Structures are given as structure tokens and as C-alpha cells.
Amino acid sequence: MCCWFFLRRMGPVLLLWVAVCLSGSWAVDKGNFKTCDQSAFCKRQRAMKPGESPYRALLETMELTNTRLTLQLINDNNKVRLLLELYRLQGNITRVKINELKPLKPRYEVPDVLIREPPTEPLSLLSQDENGVVLSLGAESQRVIVSARPFRLDIVEGRDVLMSLNSRGLLGFEHLRMRKDTFSYKVTSTVASVWDNIKRVFSSQADPEAENKEGTDPANPAETAKEEEEKVEDGMWEETFKTHTDSKPSGPSAVSLDFSLPGVEHVYGIPEHGDSLKLKTTDSGDPYRLYNLDVFQYELYNPMALYGSVPVMLSHNARRTMGIFWLNAAETWVDISSNTAGKTVFGKMLDYVQGSSETPQTDVRWISESGIIDVFLMLGPTPRDVFSQYASLTGTQAFPPLASLGYHQCRWNYNDQEDVRSVDAGFDEHDIPYDFIWLDIEHTDGKRYFTWDPHKFASPKEMLQGLQDKKRKMVAIVDPHIKVDTNYKIHNEIRSRGFYVKNKDGGDYEGWCWPGSAGYPDFTRPDMRAWWASQFAYDQYEGTMENLYTWNDMNEPSVFNGPEVTMHKDAMHESWEHRDVHNLYGLYVHRATAEGLIERSGGVERPFVLTRAFFAGSQRYGAVWTGDNAAEWDHLKISIPMCLSLGLVGISFCGADVGGFFKSPSTELLVRWYQTGAYQPFFRAHAHLDTPRREPWLFGPENTALIREVIRQRYTFLPYWYQLFYLAYQTGEPVMRPLWVEYPQDPATFALDDEFLLGRDLLVHPVTEEGARGVTAYLPGKHEVWFDIHTFQKHNGGQNLYIPVTMSSIPVFQRGGSIIPRKLRVRRSSTCMEHDPYTLYVALDNRRTAEGELYIDDGHTFNYEKKELMHRKFSFANGVLSSVDLEPNAQFTTKSWVERIIILGASKPSMVTLKTADGENQLEFDFDASMSVLTIRKPGMNAGADWTVTLQ
């Protein structure tokens, strides 16, 4: 949510902000946000030239234990020493840490993101000479080669270099230093430089080896940080952007490192950006920026920072998938270059025909403003391996309540309790299911979170009980900016406990946000997070019930009158500057809120919390959405790669505002957006306060019918969605995934981002072009088959298929070889469908086999952790369909049964028999010879039982 409405309410207070925020139109004013050239540390680091690395490894300092290598690096320009640590981690991961050997004070190392200290595996020394060392990484002849001069690190498997660090010589590490008077520093530096040159000339004449000898004591910071041959540049000790000055009390502290990926042309990840799935090269423009910001109606197809940051990049080619996890929470820029960038397909073919020996390579450089270098190299080799490796570090997607996978209805704002009641009744009147209705900031008492407007929402429990009676739920917003008001309990408690973020002078940091003057709780503090969590208790958050859940917005944090609409970097979180922790703030808000919802139930109920800002590890706490998008076709299209990118880095529970937050969609765009959103993990319609109402029944009976149909489709697939989220929770595999994840050797899939897979078995190609009469979908798998879920028509894989479309069309295909359970009796909410029967859709492959799973638990508690669940496996082979228990030690019963089995690609049997523990009997069936579809009616067995169905 942007600052627009705030201006209308606060008018005279911040008139200047109108120009800053709106710039005359509903579009991002890029001038409010820095480019690399306007970010002093990015400009300095980017000015470094490849091939001129001043760093070398001091091999005599090497220490090797069973689990860790340490080695000092020295910068020959300034004699500052760094400490390199290298670890071999379980699961084919290598960790590299670089810090100052003797920093003037500790540098920030990111806490709380890793789920534990990663377990290590033994390192062994293979060889060593004056040029470097070679270490064994164990499996498959993997080795680490550390070259001494200049310092370089290569990871090799067999004869192949998998990845190189500092191969381009762009390691940069700005050491902490004492500030000197600018004029004095320049004079001293110049004199010292002349004197050093004189000494170098004479000493080298006397001793040719002199340049290679170290005359400094690494234990003495004063010696180590001797006068450097560098000038004091603008922005090193103070930096101004627009009207805001950053005091930079610790001075320059940036870190950077380059990575080379031989054989790689495709890299993905580093969300959040409104850009294509495959990341572009940045040689001719700005790097990709990772810095959580409240961006007003963001622009598409550029590397500007948005609301969240996950510093994880995946590389992929037909032979291998790998990942780089750069664990740093400061402002970060990522440069990407490629030696094949700009080459056409014809040019690449010509290289091949002419026998060009140029191996494709992608080079990536990470630049962060502060902290240390702490990087995890996830070496795959398969996509699933990388997902597992990353999950072992930061955890998996939180397993959501089943109801949260249904449809959510939201706008800014439903006016009052009567408005909520009316909208709720409208869904029943038009026979459209939904699970959650949402309240934005206007439901509070004057933007005081944890409160209700005493006039518009005078009896919130009565409202919530009315929803509960229909087995529906509500989400209310709770933002992390607190109105400065001595009559507000939340503010008084935070201030009295000293829990607010401080400004550089030690007072409570205040900025402007929705309530006007606001304080910002310091969520980096465990005691603050514990207190915040306690405020969700039913006796603290008055008017709440168990069917009220939470939405955290504006948690970048958004500060309307701050630099780049966020917090000043020199604000203080106890002993750390905000610059060190900025990208963590949203994760901490999300975490504290999720923990509050768990605690209020005594640890029994799973939470549902939506966040706008996020970081690595945010997947452990709930869902995200893509922020303040617009009712434009390009925003509909970009929702696909944006959610795919998030899924690749662990955050599966992603969606975009259906219909677009800003502006008013045409009826065609709205219908197409519902059809797309229904097949994305988080399915919520949301709209700006000043847009016309757009509940699904307000666009005429024909469009209402189209929207109703696709929402109902969503509900029929809830068993499949739930199973996919259980898998994501267990393994880290994305729910919504690019085709190359399942077809890693097919180059035709590597850059596709207008279609996607849900799990392995559903392929979705939404219609995202205005006035489309057809779409072309790529069906992967040369030896596979795909079935249209609407018509059951069979198509061969390995082809581009043209599909004519009408307004009722959304092309979705089920993979041959899969079994998908669905619930076809759609009711007003998912909870109402709990005990309803299943229909099994069995899509046979060319071998006439298929497999699938069904996962069931109570849908809302943590009891699945105590094995109160049911997990079945379905298999079809040799004419026999069977159901067996995948969790024989689990305890759970269900009232649901199987009421229908539909087999696609079948032959007509003479007889169908069902065998259960109660005996054997014949079943009724129909066979459609024109489509080869067999429908077995009323088998009637319990969904949790062992059984076989035999076709004879």
C-alpha cells in the first residue's frame, strides 16, 4: 500500500510529499530511489577494474582442522589482512567466510536466518606448494583449489571447473578505520605515498625480494591500517541523497566478491524484482538491487529494488544446477555479465558449426554496504538437490492451514461491519466460495494497530462469530509503525520498555507513516519480538477470535519522510546501525507476528500471516505477495515470473493482487487475472481505496459466471494444493515451479516464464494477452503425454501446441503418469468441504502407468507433527489401481470416501472389481471411446483404506 491516501488525510502537513510520492501520475518516481551511481559504496566498488586484484593468500598462515580451513589474505596496497574461513558442509555445500583479521570493532554477521549452525564434513589436504593448496571435498572427486597470488578459489569436479571466486579479481573489502580530517588525510597520504615509493626503489635495489616480505604486525591495527594509497572519495564518511544525510559513523565498510560460472548461460533468483524469470546481464545499466523498499506502483522489467530481498541465485544448464547464497542483510547490488549476452540463436549456431571453442560463462558480482562476506555455494547437481541444500540452511515453507489455500477477498477498505456482512452474503447469493475476508488500515481506531474503530467496528466479535458460523475467517492488518500518542497503550508500553529503534543521537526514532508521527519497534530484539507476540493474545488484542489472522504491510520498513521512503541508515538497533540489518526488518516483523498467533492458541493452531517485506528464511513464517501492482496486462504477466523466482528461493506461498491494486481493470483483464490467480499459490483479490468496487458479481452475469467457475476450479484442486504444500514443507521444493525444474536437460524450458508447473503434474499456461484468440504452450517431455483437464484431449510432449481460447478458457494440462485427487462438491468454504468425497483423476502415460498421492490431516493444527495424519500413495500398473499407506505409523481417520475414478488414456474393460478388507465386488463404469476416458462410478471406499481396483 502506498502513501497516496495518507496525503488526502494529512494534506497540509506534508504537501511537499505529494510531489515526491505522486510525481503527477500513478507511477513510480524513480528519482526517489538511488541508482548505483548515487549509492557511494556501489559506485566505488563498481569502479574496480577486473584483473587487478591486490589480494594474495599467505599460505604460511594456513591452518587446517578436520572441519575448517583458515587462511589469511593480504591486500598488497594497504597491508590490511583478512581472514578466510572455508567449510565443507553436509549435503554438498561449501561455505566461505571472509572478515577482517583484526577489525577495529565487530562487523555484523547475520543472525537468526540459518535454522542451525550448519553441520560440517571433513576436509582433507591433497597437495600444497608455493602457488596454492588443493583440498578434497569428498564426493565425486570434488576439490577446492586455493591459488595464492592473486588469491583465487576454484571448485572443481573431475576436469570441470564448477565455480570460481575472485577469478576476475573483484574481491573488495573496505576495512574499518578511524576517521581523519579530510585535508590532513590528503596531505599525509600524499607524503606517505611519495616516501613509500622512495623506500620501495631503494629497498628493491638492495633486496629484489623486498616487495614480497611483510613488515607489518597483523595483531597491531595501527600497523595494519597504515596510511593507504587511496583518496577520500565523496560518500565515504557522509552521504546525502535528496534532503537526507547519512552520517556513516563507521565510515566505508563495503564488501564485494565475484563468482564465475563456466558453461552457464541461465541464472535465476535474487527476488524481488518486477522482471523476467531469467536474469538479464547488467553491463549496460544498473545492477540488480536488493534493498527492501516501499515502491509506489513499481515499474516492470528493470532491476530496481522492491519490497523484499532474498540474496540467493541459481544457475542452470543441461548438466548441472547450483546456487549461491550471499548471507548479508545490508543494501546489496548484484552485477551479471555473460560472454554470450547479445548473441542471437543464429550466432550461437554459427559458433557451433564453425567449431568455436568459446565456452559460455556467466560472471556474477555481489556488492554489499557493510557486514562480512559469508557465502554458501550449493553445488547441486540437480535442481532438487539445490532446493534441499538451501532448505537445510534456512528451513522450508511453513505448512499453512488448508483454508488459507482457498480464495481471499480484500480491498482497501471494507467500510464497516455491515459492509463485511453484505459482501459475505453476496458470495452466498452468487454461489461463489471463499475462505477469508480482509480488513485494511481503516478498521482501526485512528491507525492504532491492535484496535478497532469504535463506530464502524463496534462489535468485532459479533462480526467474527457471524463468519465463524459459516466456517469462514478474517484477516486484519497490523503494521509495524506505531502512532506516537500517549493515550495509546501499545505506544506507551513500547516507549516505557525502550523497545523503539533509536536515532543516531539516542532518542526514539520517529518517522511519518499512516498514523502521522510514528515510532518503529526494534524487531531485531528478541525481547521486543516476545512482547509483540504477546499482544495477539485474546485478552490483549480485544475483539479477536481464533478465526482472525494477520497481515503485515509496510514492514520494509516504510517511512514516508525517510530517505528512499524508508528508515535512515544511521538509526540504531541497540549496538548495530540500521544499514547492517535493513533487509532483516520485515522478516523479524513476520516472525514475531506468526509466533504471536501460535502462542495465543497455546501452540496448537497453525498461523496464517501475510507479509510484504521478506528475506531469506521468511518462508518459515507464512505467505508473501508481490505488492502494489497495477491493473495492467503487463502486471498480470509479470506475476508469473515474480512468483516463480520466489519459489526457487524457498518462498512458495506467493501471489499477486488479483485485478491489480491500482487503477481499474477492464472486465476482460479482471476475468483473465482470476483465471491466472486461481492457479497461483496465494489467491487474493485486492484493490485500492479509490478504485470502483469489484466484488466478483459486479461485472454482469456472464463475467460473474466466468469468475465463479474458475474460483470453483480452485476449490476442486484443494487436495492437490495441500499435498504440494506438505511436500514443500518437507523438502523445500517449490509448489509453483519453472518447467526446467522437472525437465532440466531441455533447453527449450530454460527461459520460459509465461507458463509453469504446479508440482510435477499440472502445467498451466494462463492467457495474459488482451484480446487473445489463442496461446502457444510448450508441452515438455519428448516421450510424455499431457491431458487437457477440461476436455481430456491427449497431446504428445516435446512440442509447441497452439490452443484456441475463448473467455472461458484457461489452458491447464495433467501429466500422463499422474494421479490427482480432487473434490468436486464445492461448498461455500474449504472447511465446509472437509468430509466430502474425492474423485481420482488417473492420467496414464505411454506405458499405461500412473502414480499420485493424497495427504490428509485436520487442516489447521500442528498435530501432524505428532503423526496425526494420513498419507496415501496411489499406483496404476498392469490394469490395477491400488492405494497403500505411506505413513503406517501415523494415526488419523477421515470420513471422506472415493466416489469416482476417472482414467484418462484408458482402454475399455470387460469388468471392474474393487477389493477391500471387507471383500470384493464389481463396480459400475462408463467408457467414452472417442476420448479413451473410463469413468468408474461409486466405488465408495474410505479414502484412508487399503484397496485395489482391477480392470479386466
# chains A, B, ... in the order shown; residues from 1 in each chain; ligands from 1
call {"tool": "residues_around", "arguments": {"residues": "region 139-156 of chain A", "least_positions_apart": "5", "cutoff": "9 Å", "atoms": "only C-alpha atoms", "output": "VMD selection string"}}
result
chain A and resid 52 to 59 73 92 126 130 to 134 161 to 169
call {"tool": "write_last_selection", "arguments": {"atoms": "C-alpha atoms", "output": "PDB file, in the first residue's frame"}}
result
ATOM      1  CA  GLU A  52      43.892  -6.074 -10.828  1.00  0.00           C
ATOM      2  CA  SER A  53      43.273  -7.889  -7.560  1.00  0.00           C
ATOM      3  CA  PRO A  54      45.509  -6.629  -4.725  1.00  0.00           C
ATOM      4  CA  TYR A  55      44.771  -9.710  -2.616  1.00  0.00           C
ATOM      5  CA  ARG A  56      47.006 -12.716  -2.177  1.00  0.00           C
ATOM      6  CA  ALA A  57      46.851 -15.668   0.154  1.00  0.00           C
ATOM      7  CA  LEU A  58      49.535 -16.042   2.814  1.00  0.00           C
ATOM      8  CA  LEU A  59      49.941 -19.795   2.636  1.00  0.00           C
ATOM      9  CA  LEU A  73      44.669 -12.817   2.825  1.00  0.00           C
ATOM     10  CA  ASN A  92      27.382 -30.851  -0.953  1.00  0.00           C
ATOM     11  CA  LEU A 126      45.540 -33.242  -1.204  1.00  0.00           C
ATOM     12  CA  GLU A 130      54.196 -22.210  -3.053  1.00  0.00           C
ATOM     13  CA  ASN A 131      51.415 -21.417  -5.523  1.00  0.00           C
ATOM     14  CA  GLY A 132      48.450 -22.763  -3.608  1.00  0.00           C
ATOM     15  CA  VAL A 133      46.696 -25.665  -1.916  1.00  0.00           C
ATOM     16  CA  VAL A 134      44.266 -28.340  -3.085  1.00  0.00           C
ATOM     17  CA  VAL A 161      35.567 -26.039 -13.019  1.00  0.00           C
ATOM     18  CA  LEU A 162      32.152 -25.669 -11.398  1.00  0.00           C
ATOM     19  CA  MET A 163      32.640 -22.221  -9.927  1.00  0.00           C
ATOM     20  CA  SER A 164      35.442 -19.723  -9.325  1.00  0.00           C
ATOM     21  CA  LEU A 165      35.713 -16.985  -6.714  1.00  0.00           C
ATOM     22  CA  ASN A 166      37.765 -13.838  -7.370  1.00  0.00           C
ATOM     23  CA  SER A 167      38.793 -15.133 -10.776  1.00  0.00           C
ATOM     24  CA  ARG A 168      38.172 -11.627 -12.110  1.00  0.00           C
ATOM     25  CA  GLY A 169      39.979 -10.021  -9.181  1.00  0.00           C
TER      26      GLY A 169
END
call {"tool": "select_by_dssp", "arguments": {"residues": "region 379-582 of chain A", "states": "strand (DSSP E or B)", "output": "PyMOL selection string"}}
result
chain A and resi 407-409+436-439+473-477+482-483+500+502+508+510-513+516-519+521+548-552+572-573+576-577
call {"tool": "write_last_selection", "arguments": {"atoms": "N, CA and C atoms", "output": "compact mmCIF listing (two decimals), in the first residue's frame"}}
result
# COMPACT_ATOMS: atom_id res chain seq x y z
N TYR A 407 -9.84 -19.06 -1.52
CA TYR A 407 -9.93 -17.71 -2.10
C TYR A 407 -10.06 -16.67 -1.00
N HIS A 408 -9.35 -15.53 -1.18
CA HIS A 408 -9.35 -14.42 -0.22
C HIS A 408 -9.94 -13.18 -0.89
N GLN A 409 -10.86 -12.51 -0.21
CA GLN A 409 -11.48 -11.30 -0.74
C GLN A 409 -11.04 -10.10 0.10
N PHE A 436 -11.59 -16.31 3.26
CA PHE A 436 -11.13 -15.19 4.08
C PHE A 436 -11.64 -13.88 3.51
N ILE A 437 -12.14 -13.01 4.38
CA ILE A 437 -12.38 -11.62 4.02
C ILE A 437 -11.41 -10.77 4.84
N TRP A 438 -10.89 -9.70 4.23
CA TRP A 438 -9.77 -8.95 4.80
C TRP A 438 -10.18 -7.52 5.16
N LEU A 439 -9.54 -7.00 6.22
CA LEU A 439 -9.71 -5.60 6.61
C LEU A 439 -8.36 -4.89 6.56
N LYS A 473 -13.36 -17.04 7.66
CA LYS A 473 -12.37 -16.40 8.52
C LYS A 473 -12.10 -14.98 8.04
N MET A 474 -11.31 -14.26 8.82
CA MET A 474 -10.98 -12.87 8.51
C MET A 474 -9.49 -12.65 8.74
N VAL A 475 -8.94 -11.71 7.98
CA VAL A 475 -7.58 -11.21 8.19
C VAL A 475 -7.67 -9.71 8.44
N ALA A 476 -6.97 -9.24 9.49
CA ALA A 476 -6.89 -7.81 9.77
C ALA A 476 -5.43 -7.38 9.74
N ILE A 477 -5.20 -6.17 9.28
CA ILE A 477 -3.83 -5.68 9.12
C ILE A 477 -3.28 -5.21 10.46
N ILE A 482 4.01 2.57 14.84
CA ILE A 482 3.13 2.76 15.99
C ILE A 482 2.88 4.25 16.20
N LYS A 483 1.62 4.62 16.24
CA LYS A 483 1.25 6.03 16.40
C LYS A 483 1.81 6.58 17.71
N TYR A 500 11.73 0.94 21.10
CA TYR A 500 11.76 1.59 19.78
C TYR A 500 13.18 1.62 19.22
N LYS A 502 16.25 3.49 17.78
CA LYS A 502 16.76 4.80 18.20
C LYS A 502 17.34 5.55 17.00
N ASP A 508 14.30 8.13 20.58
CA ASP A 508 13.45 7.24 19.79
C ASP A 508 13.34 7.74 18.36
N GLU A 510 11.63 8.52 15.04
CA GLU A 510 10.26 8.75 14.60
C GLU A 510 10.25 9.11 13.12
N GLY A 511 9.23 8.66 12.44
CA GLY A 511 9.03 8.99 11.04
C GLY A 511 7.55 9.09 10.75
N TRP A 512 7.23 9.48 9.54
CA TRP A 512 5.82 9.60 9.15
C TRP A 512 5.36 8.32 8.46
N CYS A 513 4.21 7.85 8.89
CA CYS A 513 3.54 6.77 8.18
C CYS A 513 2.04 6.96 8.35
N GLY A 516 0.50 9.29 10.98
CA GLY A 516 1.20 10.54 11.19
C GLY A 516 2.55 10.22 11.80
N SER A 517 2.89 10.89 12.89
CA SER A 517 4.17 10.62 13.55
C SER A 517 4.13 9.23 14.18
N ALA A 518 5.14 8.42 13.85
CA ALA A 518 5.13 7.02 14.28
C ALA A 518 6.50 6.60 14.77
N GLY A 519 6.50 5.70 15.74
CA GLY A 519 7.71 5.04 16.18
C GLY A 519 7.80 3.66 15.56
N PRO A 521 9.09 -0.16 16.28
CA PRO A 521 9.63 -1.13 17.25
C PRO A 521 10.88 -1.81 16.71
N LEU A 548 -9.53 -15.02 13.39
CA LEU A 548 -8.92 -13.77 12.91
C LEU A 548 -7.42 -14.00 12.74
N TYR A 549 -6.92 -13.67 11.56
CA TYR A 549 -5.49 -13.84 11.23
C TYR A 549 -4.92 -12.49 10.86
N THR A 550 -3.66 -12.43 10.43
CA THR A 550 -2.94 -11.15 10.40
C THR A 550 -2.19 -10.93 9.10
N TRP A 551 -2.09 -9.64 8.77
CA TRP A 551 -1.40 -9.16 7.58
C TRP A 551 -0.41 -8.08 8.02
N ASN A 552 0.88 -8.27 7.73
CA ASN A 552 1.91 -7.27 8.00
C ASN A 552 2.27 -6.55 6.70
N MET A 572 19.66 3.34 15.02
CA MET A 572 20.35 2.32 15.80
C MET A 572 19.40 1.24 16.32
N HIS A 573 19.82 0.00 16.15
CA HIS A 573 19.18 -1.16 16.75
C HIS A 573 20.15 -1.65 17.83
N TRP A 576 23.85 -1.91 16.75
CA TRP A 576 24.04 -2.03 15.30
C TRP A 576 23.28 -0.94 14.56
N GLU A 577 23.89 -0.46 13.50
CA GLU A 577 23.22 0.53 12.64
C GLU A 577 22.15 -0.14 11.79
call {"tool": "closest_atom_pairs", "arguments": {"of": "region 527-637 of chain A", "to": "region 30-43 of chain A", "cutoff": "12 Å", "atoms": "only C-alpha atoms", "output": "tab-separated table"}}
result
residue	atom	partner	partner_atom	distance
A:Phe560	CA	A:Asn32	CA	11.1
A:Asn561	CA	A:Asn32	CA	11.1
A:Gly562	CA	A:Asn32	CA	10.4
A:Pro563	CA	A:Asn32	CA	8.2
A:Glu564	CA	A:Phe33	CA	5.3
A:Val565	CA	A:Asn32	CA	7.8
A:Thr566	CA	A:Phe33	CA	10.3
call {"tool": "closest_residue", "arguments": {"among": "A:Val334, A:Val310, A:Leu125, A:Val805", "to": "Ser368 (chain A)", "atoms": "only C-alpha atoms"}}
result
A:Val334
call {"tool": "atom_distance", "arguments": {"atom1": "CA of Pro837 (chain A)", "atom2": "CA of Arg822 (chain A)"}}
result
8.6 Å
call {"tool": "residues_around", "arguments": {"residues": "Arg525 (chain A)", "least_positions_apart": "3", "cutoff": "12 Å", "atoms": "only C-alpha atoms", "output": "ChimeraX atom specification"}}
result
/A:111-112,497-501,521-522,528-532,572-576,581,584-585,588-589,591-592
call {"tool": "write_last_selection", "arguments": {"atoms": "N, CA, C and O atoms", "output": "short mmCIF file (atom, residue, chain, number, x, y, z; two decimals), in the first residue's frame"}}
result
data_model
loop_
_atom_site.label_atom_id
_atom_site.label_comp_id
_atom_site.auth_asym_id
_atom_site.auth_seq_id
_atom_site.Cartn_x
_atom_site.Cartn_y
_atom_site.Cartn_z
N PRO A 111 22.30 -12.93 12.08
CA PRO A 111 21.79 -13.99 12.94
C PRO A 111 20.39 -14.44 12.49
O PRO A 111 19.76 -13.80 11.64
N ASP A 112 19.91 -15.54 13.05
CA ASP A 112 18.50 -15.94 13.00
C ASP A 112 17.99 -16.38 11.65
O ASP A 112 16.84 -16.82 11.54
N ARG A 497 9.36 0.49 27.74
CA ARG A 497 10.30 -0.64 27.75
C ARG A 497 11.56 -0.36 26.93
O ARG A 497 12.46 -1.19 26.87
N GLY A 498 11.60 0.78 26.27
CA GLY A 498 12.78 1.14 25.46
C GLY A 498 12.91 0.30 24.20
O GLY A 498 14.02 0.07 23.71
N PHE A 499 11.76 -0.12 23.65
CA PHE A 499 11.77 -1.05 22.52
C PHE A 499 11.79 -0.37 21.15
O PHE A 499 11.83 -1.05 20.14
N TYR A 500 11.73 0.94 21.10
CA TYR A 500 11.76 1.59 19.78
C TYR A 500 13.18 1.62 19.22
O TYR A 500 14.17 1.69 19.96
N VAL A 501 13.27 1.57 17.89
CA VAL A 501 14.53 1.87 17.21
C VAL A 501 14.95 3.28 17.61
O VAL A 501 14.11 4.17 17.77
N PRO A 521 9.09 -0.16 16.28
CA PRO A 521 9.63 -1.13 17.25
C PRO A 521 10.88 -1.81 16.71
O PRO A 521 10.98 -2.09 15.51
N ASP A 522 11.81 -2.09 17.60
CA ASP A 522 13.07 -2.73 17.20
C ASP A 522 12.87 -4.25 17.22
O ASP A 522 13.14 -4.92 18.21
N MET A 528 11.76 -7.65 22.38
CA MET A 528 10.72 -6.90 21.70
C MET A 528 9.80 -7.86 20.93
O MET A 528 8.57 -7.71 20.97
N ARG A 529 10.37 -8.84 20.24
CA ARG A 529 9.55 -9.78 19.48
C ARG A 529 8.65 -10.58 20.41
O ARG A 529 7.48 -10.84 20.09
N ALA A 530 9.18 -10.97 21.56
CA ALA A 530 8.36 -11.72 22.52
C ALA A 530 7.21 -10.87 23.02
O ALA A 530 6.07 -11.36 23.16
N TRP A 531 7.48 -9.60 23.30
CA TRP A 531 6.40 -8.72 23.76
C TRP A 531 5.36 -8.53 22.66
O TRP A 531 4.15 -8.60 22.91
N TRP A 532 5.82 -8.30 21.44
CA TRP A 532 4.89 -8.12 20.30
C TRP A 532 4.01 -9.36 20.16
O TRP A 532 2.79 -9.25 19.99
N MET A 572 19.66 3.34 15.02
CA MET A 572 20.35 2.32 15.80
C MET A 572 19.40 1.24 16.32
O MET A 572 18.35 1.52 16.88
N HIS A 573 19.82 0.00 16.15
CA HIS A 573 19.18 -1.16 16.75
C HIS A 573 20.15 -1.65 17.83
O HIS A 573 21.04 -2.47 17.56
N GLU A 574 20.00 -1.10 19.02
CA GLU A 574 20.97 -1.31 20.08
C GLU A 574 22.36 -0.94 19.55
O GLU A 574 22.60 0.20 19.22
N SER A 575 23.29 -1.89 19.42
CA SER A 575 24.66 -1.52 19.02
C SER A 575 24.88 -1.56 17.51
O SER A 575 25.99 -1.28 17.05
N TRP A 576 23.85 -1.91 16.75
CA TRP A 576 24.04 -2.03 15.30
C TRP A 576 23.28 -0.94 14.56
O TRP A 576 22.16 -0.56 14.93
N VAL A 581 21.19 -4.11 9.22
CA VAL A 581 20.08 -5.05 9.43
C VAL A 581 18.88 -4.79 8.53
O VAL A 581 17.88 -5.51 8.63
N LEU A 584 16.58 -7.39 7.05
CA LEU A 584 16.05 -8.35 8.02
C LEU A 584 14.79 -7.85 8.70
O LEU A 584 14.05 -8.65 9.30
N TYR A 585 14.51 -6.56 8.66
CA TYR A 585 13.44 -5.99 9.48
C TYR A 585 12.10 -6.65 9.20
O TYR A 585 11.37 -7.05 10.11
N TYR A 588 11.76 -10.14 10.65
CA TYR A 588 11.55 -10.14 12.09
C TYR A 588 10.11 -9.77 12.45
O TYR A 588 9.53 -10.33 13.39
N VAL A 589 9.51 -8.82 11.73
CA VAL A 589 8.10 -8.47 11.97
C VAL A 589 7.22 -9.69 11.69
O VAL A 589 6.33 -10.04 12.49
N ARG A 591 8.06 -12.84 11.65
CA ARG A 591 8.31 -13.89 12.63
C ARG A 591 7.57 -13.63 13.95
O ARG A 591 6.91 -14.52 14.50
N ALA A 592 7.69 -12.40 14.46
CA ALA A 592 7.06 -12.08 15.74
C ALA A 592 5.55 -12.22 15.66
O ALA A 592 4.90 -12.68 16.61
#
call {"tool": "atom_distance", "arguments": {"atom1": "CA of Pro433 (chain A)", "atom2": "CA of Leu698 (chain A)"}}
result
15.8 Å
